[in-house]
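**Student:** data.csv is reproduced in full below (CSV, C-alpha atoms).
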chain,number,residue,atom,x,y,z
A,733,MET,CA,-6.7,31.4,18.8
A,734,LYS,CA,-9.7,29.1,18.8
A,735,ALA,CA,-13.3,30.1,19.6
A,736,LEU,CA,-16.6,28.3,20.1
A,737,LEU,CA,-19.6,29.8,18.3
A,738,CYS,CA,-22.9,28.7,19.8
A,739,LEU,CA,-25.6,29.6,17.3
A,740,ASP,CA,-29.3,30.2,17.8
A,741,PHE,CA,-29.8,28.0,20.9
A,742,GLU,CA,-32.9,30.0,21.9
A,743,ASN,CA,-36.0,28.9,23.7
A,744,ASP,CA,-38.3,29.5,20.8
A,745,ILE,CA,-36.2,27.1,18.7
A,746,VAL,CA,-35.1,24.3,21.1
A,747,HIS,CA,-37.5,24.4,24.0
A,748,PRO,CA,-40.5,22.1,23.6
A,749,GLU,CA,-42.7,25.1,24.3
A,750,GLY,CA,-40.9,27.3,21.9
A,751,LYS,CA,-42.8,28.9,19.0
A,752,VAL,CA,-40.6,27.3,16.3
A,753,ALA,CA,-39.7,24.1,18.1
A,754,GLY,CA,-42.5,22.3,16.4
A,755,LYS,CA,-40.5,22.2,13.3
A,756,GLY,CA,-38.6,19.3,14.8
A,757,TYR,CA,-35.7,20.9,16.7
A,758,ALA,CA,-36.9,20.2,20.2
A,759,ALA,CA,-37.6,16.6,19.3
A,760,TYR,CA,-34.2,16.2,17.7
A,761,ASP,CA,-32.5,17.5,20.8
A,762,ALA,CA,-34.6,15.1,23.0
A,763,GLU,CA,-33.6,12.2,20.8
A,764,HIS,CA,-29.9,13.1,20.6
A,765,ASN,CA,-29.3,15.0,23.8
A,766,THR,CA,-27.6,17.7,21.9
A,767,LEU,CA,-27.8,20.5,24.4
A,768,ALA,CA,-26.0,18.3,27.0
A,769,ALA,CA,-23.1,17.8,24.5
A,770,VAL,CA,-23.0,21.5,23.7
A,771,ARG,CA,-22.7,22.3,27.5
A,772,LYS,CA,-19.8,19.9,27.8
A,773,VAL,CA,-18.0,21.5,24.9
A,774,GLN,CA,-18.7,25.0,26.3
A,775,ASP,CA,-17.2,23.9,29.7
A,776,ARG,CA,-14.1,22.6,27.9
A,777,PHE,CA,-13.6,25.9,26.1
A,778,ARG,CA,-14.1,27.8,29.3
A,779,ALA,CA,-11.7,25.6,31.2
A,780,ALA,CA,-9.1,26.3,28.5
A,781,ASN,CA,-9.8,30.1,28.7
A,782,LEU,CA,-10.9,30.1,25.1
A,783,PRO,CA,-13.8,32.3,23.9
A,784,VAL,CA,-17.3,31.0,23.9
A,785,ILE,CA,-19.4,33.4,21.8
A,786,HIS,CA,-23.2,33.2,21.6
A,787,VAL,CA,-25.2,34.3,18.6
A,788,ARG,CA,-29.0,34.6,18.5
A,789,VAL,CA,-31.5,35.3,15.8
A,790,GLY,CA,-34.6,37.4,16.1
A,791,PHE,CA,-36.1,40.8,16.2
A,792,PHE,CA,-36.7,43.6,18.7
A,793,PRO,CA,-40.3,44.7,19.6
A,794,GLY,CA,-42.0,46.1,16.5
A,795,TYR,CA,-40.1,43.7,14.3
A,796,ALA,CA,-38.5,46.5,12.3
A,797,GLN,CA,-35.5,44.2,11.3
A,798,GLN,CA,-37.7,41.4,10.1
A,799,PRO,CA,-37.6,40.5,6.4
A,800,LYS,CA,-41.4,40.3,5.9
A,801,GLY,CA,-40.9,38.7,2.4
A,802,SER,CA,-38.8,35.8,3.7
A,803,PRO,CA,-40.3,32.3,3.5
A,804,LEU,CA,-38.3,31.5,6.6
A,805,MET,CA,-38.8,34.5,8.8
A,806,GLY,CA,-41.6,36.5,7.2
A,807,GLN,CA,-44.4,35.4,9.6
A,808,ALA,CA,-42.5,35.6,12.9
A,809,HIS,CA,-44.3,38.8,13.9
A,810,GLU,CA,-47.7,37.1,13.4
A,811,PHE,CA,-46.8,34.6,16.1
A,812,GLY,CA,-44.6,36.8,18.3
A,813,ALA,CA,-41.7,34.4,17.5
A,814,LEU,CA,-38.0,35.2,18.0
A,815,ASP,CA,-38.7,38.2,20.1
A,816,LEU,CA,-35.3,39.1,21.4
A,817,SER,CA,-36.8,41.0,24.3
A,818,GLY,CA,-38.7,38.0,25.7
A,819,TRP,CA,-38.4,34.4,26.8
A,820,GLY,CA,-38.5,33.0,23.3
A,821,GLY,CA,-35.4,35.0,22.2
A,822,ALA,CA,-33.5,34.1,25.4
A,823,PHE,CA,-30.9,31.4,25.3
A,824,ALA,CA,-31.9,27.9,26.6
A,825,ASP,CA,-30.8,27.6,30.2
A,826,ASP,CA,-28.5,24.6,29.7
A,827,VAL,CA,-26.3,26.4,27.2
A,828,ALA,CA,-26.8,30.1,28.1
A,829,PRO,CA,-23.9,32.6,28.3
A,830,GLN,CA,-21.9,32.7,31.5
A,831,GLY,CA,-20.2,35.7,33.0
A,832,GLU,CA,-19.2,38.2,30.4
A,833,GLU,CA,-19.4,35.9,27.4
A,834,LEU,CA,-20.1,37.8,24.3
A,835,VAL,CA,-23.6,37.8,22.8
A,836,ILE,CA,-24.2,38.8,19.2
A,837,ASN,CA,-27.7,39.5,17.9
A,838,LYS,CA,-28.5,38.9,14.2
A,839,HIS,CA,-31.6,39.4,12.1
A,840,ARG,CA,-30.8,37.0,9.2
A,841,VAL,CA,-29.6,33.4,8.9
A,842,SER,CA,-25.9,34.2,8.6
A,843,CYS,CA,-24.0,35.2,11.7
A,844,PHE,CA,-21.9,37.5,9.6
A,845,TYR,CA,-24.6,39.5,7.9
A,846,GLY,CA,-25.1,42.8,9.5
A,847,THR,CA,-23.3,41.9,12.7
A,848,SER,CA,-19.9,42.6,14.4
A,849,LEU,CA,-18.9,39.0,14.4
A,850,GLU,CA,-16.1,39.2,11.9
A,851,LEU,CA,-14.6,42.4,13.5
A,852,THR,CA,-14.9,40.8,16.9
A,853,LEU,CA,-13.2,37.6,15.9
A,854,ASN,CA,-10.4,39.4,14.1
A,855,THR,CA,-9.9,41.8,17.1
A,856,MET,CA,-9.7,38.9,19.5
A,857,GLY,CA,-7.1,37.2,17.3
A,858,VAL,CA,-9.3,34.2,16.5
A,859,THR,CA,-8.2,32.2,13.5
A,860,GLU,CA,-10.1,29.0,14.0
A,861,VAL,CA,-13.8,28.6,14.8
A,862,PHE,CA,-15.8,25.6,16.1
A,863,LEU,CA,-19.5,25.7,15.3
A,864,ALA,CA,-22.4,24.3,17.3
A,865,GLY,CA,-26.0,25.4,16.5
A,866,VAL,CA,-29.5,25.0,15.4
A,867,SER,CA,-30.3,24.4,12.7
A,868,THR,CA,-27.5,22.6,11.0
A,869,ASP,CA,-28.7,23.3,7.5
A,870,LEU,CA,-29.4,27.0,8.1
A,871,VAL,CA,-27.3,28.9,10.6
A,872,VAL,CA,-24.5,26.4,11.0
A,873,GLU,CA,-24.0,25.9,7.2
A,874,SER,CA,-24.4,29.6,6.4
A,875,THR,CA,-21.9,30.5,9.1
A,876,ALA,CA,-19.4,27.8,8.0
A,877,ARG,CA,-19.5,29.1,4.5
A,878,GLY,CA,-19.1,32.7,5.7
A,879,ALA,CA,-16.3,31.9,8.1
A,880,HIS,CA,-14.5,29.9,5.4
A,881,ASP,CA,-14.7,32.8,2.9
A,882,ARG,CA,-13.3,35.1,5.6
A,883,ASP,CA,-10.3,32.8,5.9
A,884,PHE,CA,-11.1,31.2,9.3
A,885,LYS,CA,-10.3,27.5,9.8
A,886,VAL,CA,-13.8,26.0,10.3
A,887,ASN,CA,-14.8,23.0,12.4
A,888,VAL,CA,-18.3,21.8,12.8
A,889,ILE,CA,-19.1,19.7,15.9
A,890,ALA,CA,-21.7,17.4,14.5
A,891,ASP,CA,-23.2,16.1,17.7
A,892,CYS,CA,-23.5,19.7,18.9
A,893,CYS,CA,-25.8,20.6,16.0
A,894,ILE,CA,-29.5,20.2,15.7
A,895,ALA,CA,-31.6,19.8,12.5
A,896,ALA,CA,-35.3,19.4,12.0
A,897,ASN,CA,-34.7,15.8,11.1
A,898,GLU,CA,-31.9,13.3,10.5
A,899,GLU,CA,-32.0,13.7,6.7
A,900,ASP,CA,-31.5,17.5,6.9
A,901,GLN,CA,-28.6,16.9,9.4
A,902,GLN,CA,-26.8,14.4,7.2
A,903,ARG,CA,-27.3,16.3,4.0
A,904,SER,CA,-25.9,19.5,5.5
A,905,LEU,CA,-22.9,17.8,7.2
A,906,ALA,CA,-22.0,16.2,3.9
A,907,SER,CA,-22.2,19.6,2.1
A,908,MET,CA,-20.0,21.3,4.7
A,909,GLU,CA,-17.3,18.6,4.4
A,910,LYS,CA,-16.1,20.5,1.4
A,911,LEU,CA,-15.1,23.6,3.4
A,912,ALA,CA,-14.9,22.5,7.1
A,913,SER,CA,-13.7,19.7,9.3
A,914,ILE,CA,-16.6,17.7,10.6
A,915,LEU,CA,-16.0,16.1,14.0
A,916,THR,CA,-17.7,15.0,17.2
A,917,SER,CA,-17.4,16.4,20.6
A,918,THR,CA,-15.4,13.3,21.7
A,919,GLU,CA,-12.9,14.0,18.8
A,920,LEU,CA,-12.5,17.6,19.8
A,921,GLU,CA,-9.0,18.7,20.7
A,922,ILE,CA,-8.5,22.2,22.0
Spit out the file's structure as structure tokens when you get a sec.
**Tutor:**
Amino acid sequence: MKALLCLDFENDIVHPEGKVAGKGYAAYDAEHNTLAAVRKVQDRFRAANLPVIHVRVGFFPGYAQQPKGSPLMGQAHEFGALDLSGWGGAFADDVAPQGEELVINKHRVSCFYGTSLELTLNTMGVTEVFLAGVSTDLVVESTARGAHDRDFKVNVIADCCIAANEEDQQRSLASMEKLASILTSTELEI
């Protein structure tokens, strides 16, 4: 079975008023209209009765799960960023979960680290994953590598991924070509 994994499409990251959006993610989406492409792919998976799974990164109030020494996440608490209990940690409206679609919370870059994602995919009978997310060079690449090493067939939907800039996007996609199929939403066959 195939499944779509929608990774870290949270307000703090992709909304222009998000606390992390200034790193270039909101601007990238505005330029490439990525969230609209993601929504179309989500709708195709839903129409085919295939799982659409949403993963979000962040921390609960008190930031107990936050790696304070991380160059990437170590200062989140100082800005109240990626608070899973608030607006910033909520999914962007355009690509938010519908109905009873599964939501997985994570506290690190990889979707597999410390989460039930692998168990869930295996229990559902998923053998092939399609990745859409932000950012391409962090969560998407990390999840592609993790899924590959867990023997899933991995597909990265390039126009459904957001990076801080075009250079990061292209470098990451080129790196992932070694372990995943890179395709666009118009090439997607489900």
**Student:** Using only C-alpha atoms, which of the listed residues (A:Ala813, A:Ala864, A:Met908, A:Ile836) sits closest to Ala769 (chain A)?
**Tutor:** A:Ala864
**Student:** Grab the CA of Glu832 (chain A) to CA of Asn781 (chain A) distance for me, in Å with one decimal place.
**Tutor:**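 Between CA of Glu832 (chain A) and CA of Asn781 (chain A) the gap works out to 12.5 Å.
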**Student:** Ranking A:Leu911, A:Val784, A:Leu767, A:Leu863 by minimum distance to Gly831 (chain A) and counting all atoms listed in the file, which one comes first?
**Tutor:**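 Closest candidate: A:Val784.
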**Student:** Under the rule that only C-alpha atoms are counted, which of A:Asn854, A:Leu816, A:Leu849, A:Glu873 is the nearest residue to Arg903 (chain A)?
**Tutor:**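 Of A:Asn854, A:Leu816, A:Leu849, A:Glu873, the one nearest Arg903 (chain A), counting only C-alpha atoms, is A:Glu873.
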**Student:** Restricting the calculation to only C-alpha atoms, which member of A:Phe884, A:Phe741, A:Phe777, A:Tyr795 is positioned closest to Thr859 (chain A)?
**Tutor:**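 Answer, going by the shortest atom-to-atom distance: A:Phe884.
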**Student:** Which residues come within 9 Å of Val773 (chain A), counting only C-alpha atoms, excluding same-chain residues fewer than 3 positions away, as a count of residues only?
**Tutor:** 10
**Student:** With 10 Å as the threshold, what does the neighbourhood of (-31.6, 17.0, 10.6) contain in terms of residues, counting all atoms listed in the file? Coordinates are those of the file; answer as a PyMOL selection string.
**Tutor:** chain A and resi 756-757+760+866-869+893-905
**Student:** Restricting the calculation to all atoms listed in the file: of A:Glu742, A:Thr855, A:Lys734, A:Ala879, which residue gets closest to Asp826 (chain A)?
**Tutor:**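 Smallest distance to Asp826 (chain A) is found for A:Glu742.
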**Student:** Tell me, in Å to one decimal, how far CA of Gln830 (chain A) is from CA of Val746 (chain A).
**Tutor:**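 Pair CA of Gln830 (chain A) / CA of Val746 (chain A) returns 18.8 Å.
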**Student:** As an exercise, work out the distance from CA of His786 (chain A) to CA of Val835 (chain A) in Å and give it to one decimal place.
**Tutor:**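 One can read the CA of His786 (chain A) to CA of Val835 (chain A) distance as 4.8 Å.
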**Student:** So that I can see what lies close to region 838-844 of chain A, please list as a PDB file with C-alpha atoms, keeping the file's coordinate frame the residues with an atom at most 6 Å from it, counting all atoms listed in the file and leaving out residues fewer than 5 positions away in the same chain.
**Tutor:**
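The result, written out as around_35.pdb:
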ATOM      1  CA  VAL A 789     -31.500  35.300  15.800  1.00  0.00           C
ATOM      2  CA  GLY A 790     -34.600  37.400  16.100  1.00  0.00           C
ATOM      3  CA  LEU A 849     -18.900  39.000  14.400  1.00  0.00           C
ATOM      4  CA  VAL A 871     -27.300  28.900  10.600  1.00  0.00           C
ATOM      5  CA  SER A 874     -24.400  29.600   6.400  1.00  0.00           C
ATOM      6  CA  THR A 875     -21.900  30.500   9.100  1.00  0.00           C
TER       7      THR A 875
END
**Student:** Using only C-alpha atoms, which of the listed residues (A:Ala758, A:Val872, A:Val787, A:Ala779) sits closest to Asn837 (chain A)?
**Tutor:**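 Selected residue with least distance to Asn837 (chain A): A:Val787.
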**Student:** List as a ChimeraX atom specification the protein and nucleic acid residues near region 809-812 of chain A, meaning an atom at most 10 Å away when only C-alpha atoms are counted, but skip any in the same chain fewer than 2 places from it.
**Tutor:** /A:744,751-752,791,793-796,798,800,805-807,814-815,818,820
**Student:** Print the selection's residues with C-alpha atoms to a file, as a PDB file, in the frame of the given file.
**Tutor:**
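Done, and the output landed in part-v1.pdb:
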ATOM      1  CA  ASP A 744     -38.300  29.500  20.800  1.00  0.00           C
ATOM      2  CA  LYS A 751     -42.800  28.900  19.000  1.00  0.00           C
ATOM      3  CA  VAL A 752     -40.600  27.300  16.300  1.00  0.00           C
ATOM      4  CA  PHE A 791     -36.100  40.800  16.200  1.00  0.00           C
ATOM      5  CA  PRO A 793     -40.300  44.700  19.600  1.00  0.00           C
ATOM      6  CA  GLY A 794     -42.000  46.100  16.500  1.00  0.00           C
ATOM      7  CA  TYR A 795     -40.100  43.700  14.300  1.00  0.00           C
ATOM      8  CA  ALA A 796     -38.500  46.500  12.300  1.00  0.00           C
ATOM      9  CA  GLN A 798     -37.700  41.400  10.100  1.00  0.00           C
ATOM     10  CA  LYS A 800     -41.400  40.300   5.900  1.00  0.00           C
ATOM     11  CA  MET A 805     -38.800  34.500   8.800  1.00  0.00           C
ATOM     12  CA  GLY A 806     -41.600  36.500   7.200  1.00  0.00           C
ATOM     13  CA  GLN A 807     -44.400  35.400   9.600  1.00  0.00           C
ATOM     14  CA  LEU A 814     -38.000  35.200  18.000  1.00  0.00           C
ATOM     15  CA  ASP A 815     -38.700  38.200  20.100  1.00  0.00           C
ATOM     16  CA  GLY A 818     -38.700  38.000  25.700  1.00  0.00           C
ATOM     17  CA  GLY A 820     -38.500  33.000  23.300  1.00  0.00           C
TER      18      GLY A 820
END
**Student:** Give me the residues within 9 Å of Ala912 (chain A) as number ranges by chain, counting only C-alpha atoms and dropping any in the same chain fewer than 5 places off.
**Tutor:** A: 876-877, 880, 885-888
**Student:** Would you mind listing what lies within 8 Å of Phe823 (chain A) as a ChimeraX atom specification, with all atoms listed in the file counted and same-chain residues fewer than 5 positions away left out?
**Tutor:** /A:740-743,788,828-829
